[in-house]
Structure formats: C-alpha cells, structure tokens
Amino acid sequence: CWRREATAECLVEYTRLLGCRGRPHSLPAFALPMATLDLYSLESHPHARCNDGTPAVYYFRPATAAVGQSQWTFMLGSGGMCYDQQSCSRRCGAGSFDVRVGRCGLLNGTRTRPRNGTWAGIFSSSDPELRHANLLFVPYCSSDAWWANASRWGMEFRGSAILQAALDEAVARGLSRAGRNDTLLFGGFSAGSRGAMVHLDSVPAMLGDAAARVDVLGVLDSPLWLDQVPLGGAVSRAEVVQAAEQSWSLEGVFGEGCVHAYPAARWKCLLGQYRLEQLRSPYLVRAHQYDRYLIASNAFNGSWNAAARWHEPEELTEERRALYAESAALTRSVLARLTVGRPRDSAPRSVFSP
C-alpha cells in the first residue's frame, strides 16, 4: 500500500484481505474501523521469553457477535531477524535500541507494551465473520523469525516456544470448544509470515486434542525470501538462514516433505522460494514482485532508508535494474508453481502479488 500508484479499489480489496503492514495513519481514509485488542502476558509459560528474558505477551479480543464465535484469526508480528552472534549482539545487545523495527529496546515483554492496541487489515475486515471473530496477535520479540527455542550469547531465542504458548492460550480461551467446529486463520506479517510458513503444517500437532475440531488455514503476508546474490558483497538471504540454522540448532521447522525434497540442503526449507510449494495445508500468500525488504537487503546493503528511493532515476543503476527484474521474475515463477504444479496431496492455495 505504500506504492503511490495503488488505486483506491486495490487498497480497499487489499485491506479487506490482509491489510497494510504500515502504521495505522498510513491507511486510506475509507478503511474500516480498527479492532482493539487487550494485552495479556505469557509469564506462566516458562520458555515463552523475549530476547532479554522477560515474558512474551499477546493481544486478544473475543468474538463480538455470534457470527464470529467459531472464527479465529491468529497472527504473528514482524520485525526482521538476526542470525549469528554479531548480528544478534548488534540488534539485541546492551544499549541496543531501534525504534523503526521495534528491536529489543521496544519488544521486551510487558514492560514497554501498552495495555491495549489497535489493528486494521485482516483484524477489521468487511466480512462479518472475520470482523466479529476471535482475534489474537502475538508481538515479535525473539529476533529468530519464530523458528528457534534456544539460549545463546546471554540472550533468549524462543520464537517457537512463544508460538506454542500463544496457541495454548487460544485453546484455553475457547478455540475448539466442545460442540462446534472452529476455523483458525493462522499467519503473520513479514518475519511473522516466515514463522507461520514453517509451522503451518505442524499447527494441528501443536493444538493437540483440540485439533480434531479446528480447520487451519494459512494467511502468509510477505514470506517470500528469494535465493539471490546481493550487490556489493551484502549477506544473502541463503547465508542468513544457513547461519541461523547453525546458531540455534534448529529442529522441527524444516518439514518432513521439504527435507525429503532437499536432503542435502535443508536450509532451503527456511526460504519461501523453496518451502511454499512443499506446504500441504491450504493457505493464501501475498508476495510483492518488488519487495522493499528484499530490495533493501540485496541492493542497498540492508539500508531501509536508502531503499525508500529504490525507484528514483538516480538510484536505478544497471546492476539494480537487473536485480529487480530477477526478483520480479523469480516471484512470478514461484507463485505460478504454487497454483499450477502443487503436490497432488496438497490443499488449495491462493496468491496475491502486487
């Protein structure tokens, strides 16, 4: 929605489906009212800890009408990631503070979180079932794309444990209540969508006995990291996920089918380019052909501010033009495979690619 050429019709439809990842004031004036969710702590779950060791939190609002009682929307927050001791110390170490992405200085459990918060997009849909659904949002404070469950370098990387704790809380609050079948929209934004992507097929197992009465549908907003060579010697997304795998000894997030497809390179199962087509659960995915995070990472050495000018003439070098064209072509190719060549035993998929 940050693209200036986006039409009102596009924005309305996009807001209805997934919503903008920008701040609330960047939403169009015709957007629906935002939903208000209340803060709850995960302190009773011993491993659900943020990088600094404080308890993780979640926001929740119960269904507001009978039409939404059996509908649940569960979303994981965004905020980039670190992947080795140097990057994690720079992001989360003593004195680290970055307002833009809400790194450890902001996302450190209950100490700095407001008692309630408002969200738009999928939390304020025009669809009555979604608008009145049970809403649960888990802020991101583990810096691990929701993949890890480990202590390293004096910090906690417990994204997977936080996710499990939040799902347990959803069950405790009525998900899969006896006497009805529920629908769980399970997903996330950016880093949250990459976490949701690797856990999607495992959600029924994470729900335990409650899974028998829950239909799980994925909603993945911007999970598509691409296996590209960046400009200027920057760290590639492939190098990031390989380093993360080594740093946290990741287990349980690669997916049996994906590991079978890439037995000698299971790190590929952490990249959307390879993992999305291996998912067996039904899902909706949104992926920009010109994703600004990937542009910042691959063409501007990680500088988000510089990447804001990526489309301006003075920034469009021949190298960058070629990289952008490759990104767009790869994105289209991946999404085409998802809708045309999906595994025979997989569930339906939908794609949305501005």
# chains A, B, ... in the order shown; residues from 1 in each chain; ligands from 1
call {"tool": "residues_around", "arguments": {"residues": "Tyr293 in chain A", "least_positions_apart": "2", "cutoff": "10 Å", "atoms": "only C-alpha atoms", "output": "JSON, numbers by chain"}}
result
{"A": [80, 190, 222, 225, 290, 291, 295, 296, 297, 298, 299, 300, 302, 303, 304, 307, 308]}
call {"tool": "write_last_selection", "arguments": {"atoms": "N, CA, C and O atoms", "output": "PDB file, in the first residue's frame"}}
result
ATOM      1  N   GLY A  80      12.020  -8.193  11.087  1.00  0.00           N
ATOM      2  CA  GLY A  80      13.354  -8.632  10.692  1.00  0.00           C
ATOM      3  C   GLY A  80      13.867  -9.778  11.536  1.00  0.00           C
ATOM      4  O   GLY A  80      13.105 -10.476  12.200  1.00  0.00           O
ATOM      5  N   SER A 190       5.483 -10.519   7.284  1.00  0.00           N
ATOM      6  CA  SER A 190       6.927 -10.462   7.082  1.00  0.00           C
ATOM      7  C   SER A 190       7.627 -11.554   7.891  1.00  0.00           C
ATOM      8  O   SER A 190       7.434 -12.742   7.609  1.00  0.00           O
ATOM      9  N   SER A 222       3.842 -11.763   2.894  1.00  0.00           N
ATOM     10  CA  SER A 222       5.238 -11.450   2.582  1.00  0.00           C
ATOM     11  C   SER A 222       6.248 -12.433   3.173  1.00  0.00           C
ATOM     12  O   SER A 222       7.197 -12.024   3.853  1.00  0.00           O
ATOM     13  N   TRP A 225      11.171 -14.973   0.802  1.00  0.00           N
ATOM     14  CA  TRP A 225      12.595 -14.695   0.653  1.00  0.00           C
ATOM     15  C   TRP A 225      13.103 -15.471  -0.551  1.00  0.00           C
ATOM     16  O   TRP A 225      12.735 -16.639  -0.760  1.00  0.00           O
ATOM     17  N   TYR A 290       8.283  -6.548  -6.127  1.00  0.00           N
ATOM     18  CA  TYR A 290       9.363  -5.638  -5.744  1.00  0.00           C
ATOM     19  C   TYR A 290       9.255  -5.402  -4.237  1.00  0.00           C
ATOM     20  O   TYR A 290       8.825  -4.339  -3.790  1.00  0.00           O
ATOM     21  N   ASP A 291       9.619  -6.396  -3.477  1.00  0.00           N
ATOM     22  CA  ASP A 291       9.517  -6.343  -2.018  1.00  0.00           C
ATOM     23  C   ASP A 291      10.594  -5.423  -1.465  1.00  0.00           C
ATOM     24  O   ASP A 291      11.797  -5.631  -1.702  1.00  0.00           O
ATOM     25  N   ILE A 295      14.660  -5.616  -1.448  1.00  0.00           N
ATOM     26  CA  ILE A 295      15.415  -4.578  -2.148  1.00  0.00           C
ATOM     27  C   ILE A 295      16.455  -3.957  -1.223  1.00  0.00           C
ATOM     28  O   ILE A 295      17.614  -3.764  -1.590  1.00  0.00           O
ATOM     29  N   ALA A 296      16.039  -3.654   0.021  1.00  0.00           N
ATOM     30  CA  ALA A 296      16.996  -3.087   0.980  1.00  0.00           C
ATOM     31  C   ALA A 296      18.131  -4.056   1.261  1.00  0.00           C
ATOM     32  O   ALA A 296      19.307  -3.661   1.336  1.00  0.00           O
ATOM     33  N   SER A 297      17.811  -5.335   1.422  1.00  0.00           N
ATOM     34  CA  SER A 297      18.820  -6.335   1.759  1.00  0.00           C
ATOM     35  C   SER A 297      19.770  -6.607   0.607  1.00  0.00           C
ATOM     36  O   SER A 297      20.984  -6.740   0.810  1.00  0.00           O
ATOM     37  N   ASN A 298      19.235  -6.686  -0.604  1.00  0.00           N
ATOM     38  CA  ASN A 298      20.031  -7.136  -1.742  1.00  0.00           C
ATOM     39  C   ASN A 298      20.656  -6.017  -2.561  1.00  0.00           C
ATOM     40  O   ASN A 298      21.668  -6.242  -3.235  1.00  0.00           O
ATOM     41  N   ALA A 299      20.064  -4.821  -2.518  1.00  0.00           N
ATOM     42  CA  ALA A 299      20.559  -3.744  -3.374  1.00  0.00           C
ATOM     43  C   ALA A 299      21.120  -2.552  -2.611  1.00  0.00           C
ATOM     44  O   ALA A 299      21.821  -1.728  -3.186  1.00  0.00           O
ATOM     45  N   PHE A 300      20.819  -2.447  -1.299  1.00  0.00           N
ATOM     46  CA  PHE A 300      21.267  -1.295  -0.526  1.00  0.00           C
ATOM     47  C   PHE A 300      21.954  -1.721   0.764  1.00  0.00           C
ATOM     48  O   PHE A 300      21.961  -0.979   1.747  1.00  0.00           O
ATOM     49  N   GLY A 302      21.175  -3.515   3.186  1.00  0.00           N
ATOM     50  CA  GLY A 302      20.365  -3.518   4.391  1.00  0.00           C
ATOM     51  C   GLY A 302      19.818  -2.174   4.813  1.00  0.00           C
ATOM     52  O   GLY A 302      19.119  -2.088   5.830  1.00  0.00           O
ATOM     53  N   SER A 303      20.091  -1.110   4.076  1.00  0.00           N
ATOM     54  CA  SER A 303      19.633   0.229   4.469  1.00  0.00           C
ATOM     55  C   SER A 303      18.191   0.444   4.050  1.00  0.00           C
ATOM     56  O   SER A 303      17.877   0.608   2.862  1.00  0.00           O
ATOM     57  N   TRP A 304      17.281   0.453   5.027  1.00  0.00           N
ATOM     58  CA  TRP A 304      15.861   0.652   4.749  1.00  0.00           C
ATOM     59  C   TRP A 304      15.597   2.054   4.213  1.00  0.00           C
ATOM     60  O   TRP A 304      14.803   2.253   3.289  1.00  0.00           O
ATOM     61  N   ALA A 307      16.677   2.344   0.631  1.00  0.00           N
ATOM     62  CA  ALA A 307      15.794   1.574  -0.247  1.00  0.00           C
ATOM     63  C   ALA A 307      14.485   2.278  -0.518  1.00  0.00           C
ATOM     64  O   ALA A 307      13.787   1.945  -1.481  1.00  0.00           O
ATOM     65  N   ALA A 308      14.120   3.272   0.290  1.00  0.00           N
ATOM     66  CA  ALA A 308      12.891   4.021   0.045  1.00  0.00           C
ATOM     67  C   ALA A 308      12.961   4.768  -1.283  1.00  0.00           C
ATOM     68  O   ALA A 308      11.932   5.112  -1.866  1.00  0.00           O
TER      69      ALA A 308
END
call {"tool": "select_by_dssp", "arguments": {"residues": "range 187-247 of chain A", "states": "strand (DSSP E)", "output": "ChimeraX atom specification"}}
result
/A:187-189,214-221
call {"tool": "closest_residue", "arguments": {"among": "A:His288, A:His311, A:His199, A:Arg332", "to": "Glu256 in chain A", "atoms": "only C-alpha atoms"}}
result
A:His199
call {"tool": "closest_residue", "arguments": {"among": "A:Thr317, A:Asn305, A:Ser151, A:Gln273", "to": "Ser333 in chain A", "atoms": "only C-alpha atoms"}}
result
A:Gln273
call {"tool": "atom_distance", "arguments": {"atom1": "CA of Met197 in chain A", "atom2": "CA of Gly117 in chain A"}}
result
25.0 Å
call {"tool": "select_by_dssp", "arguments": {"residues": "range 135-299 of chain A", "states": "helix (DSSP H, G or I)", "output": "PyMOL selection string"}}
result
chain A and resi 159-172+191-213+231-233+237-248+256-261+266-270+272-278+292-299
call {"tool": "residues_around", "arguments": {"residues": "Cys269 in chain A", "least_positions_apart": "6", "cutoff": "7 Å", "atoms": "only C-alpha atoms", "output": "list in words"}}
result
Phe254, Cys258 and Arg275 of chain A
call {"tool": "closest_residue", "arguments": {"among": "A:Ser247, A:Gln71, A:Ser78, A:Ser124", "to": "Arg194 in chain A", "atoms": "only C-alpha atoms"}}
result
A:Ser78
call {"tool": "residues_around", "arguments": {"residues": "range 127-142 of chain A", "least_positions_apart": "3", "cutoff": "6 Å", "atoms": "only C-alpha atoms", "output": "list in words"}}
result
Cys50, Asn51, Tyr58, Tyr59, Phe60, Arg61, Pro62, Ala63, Thr64, Ala65, Val67, Gly68, Gln71, Trp72, Thr73, Phe74, Met75, Leu76, Gly77, Ser78, Leu107, Ser124, Phe157, Arg158 and Gly159 of chain A
call {"tool": "closest_residue", "arguments": {"among": "A:Leu231, A:Met155, A:Ala165, A:Ala265", "to": "Tyr40 in chain A", "atoms": "only C-alpha atoms"}}
result
A:Ala165
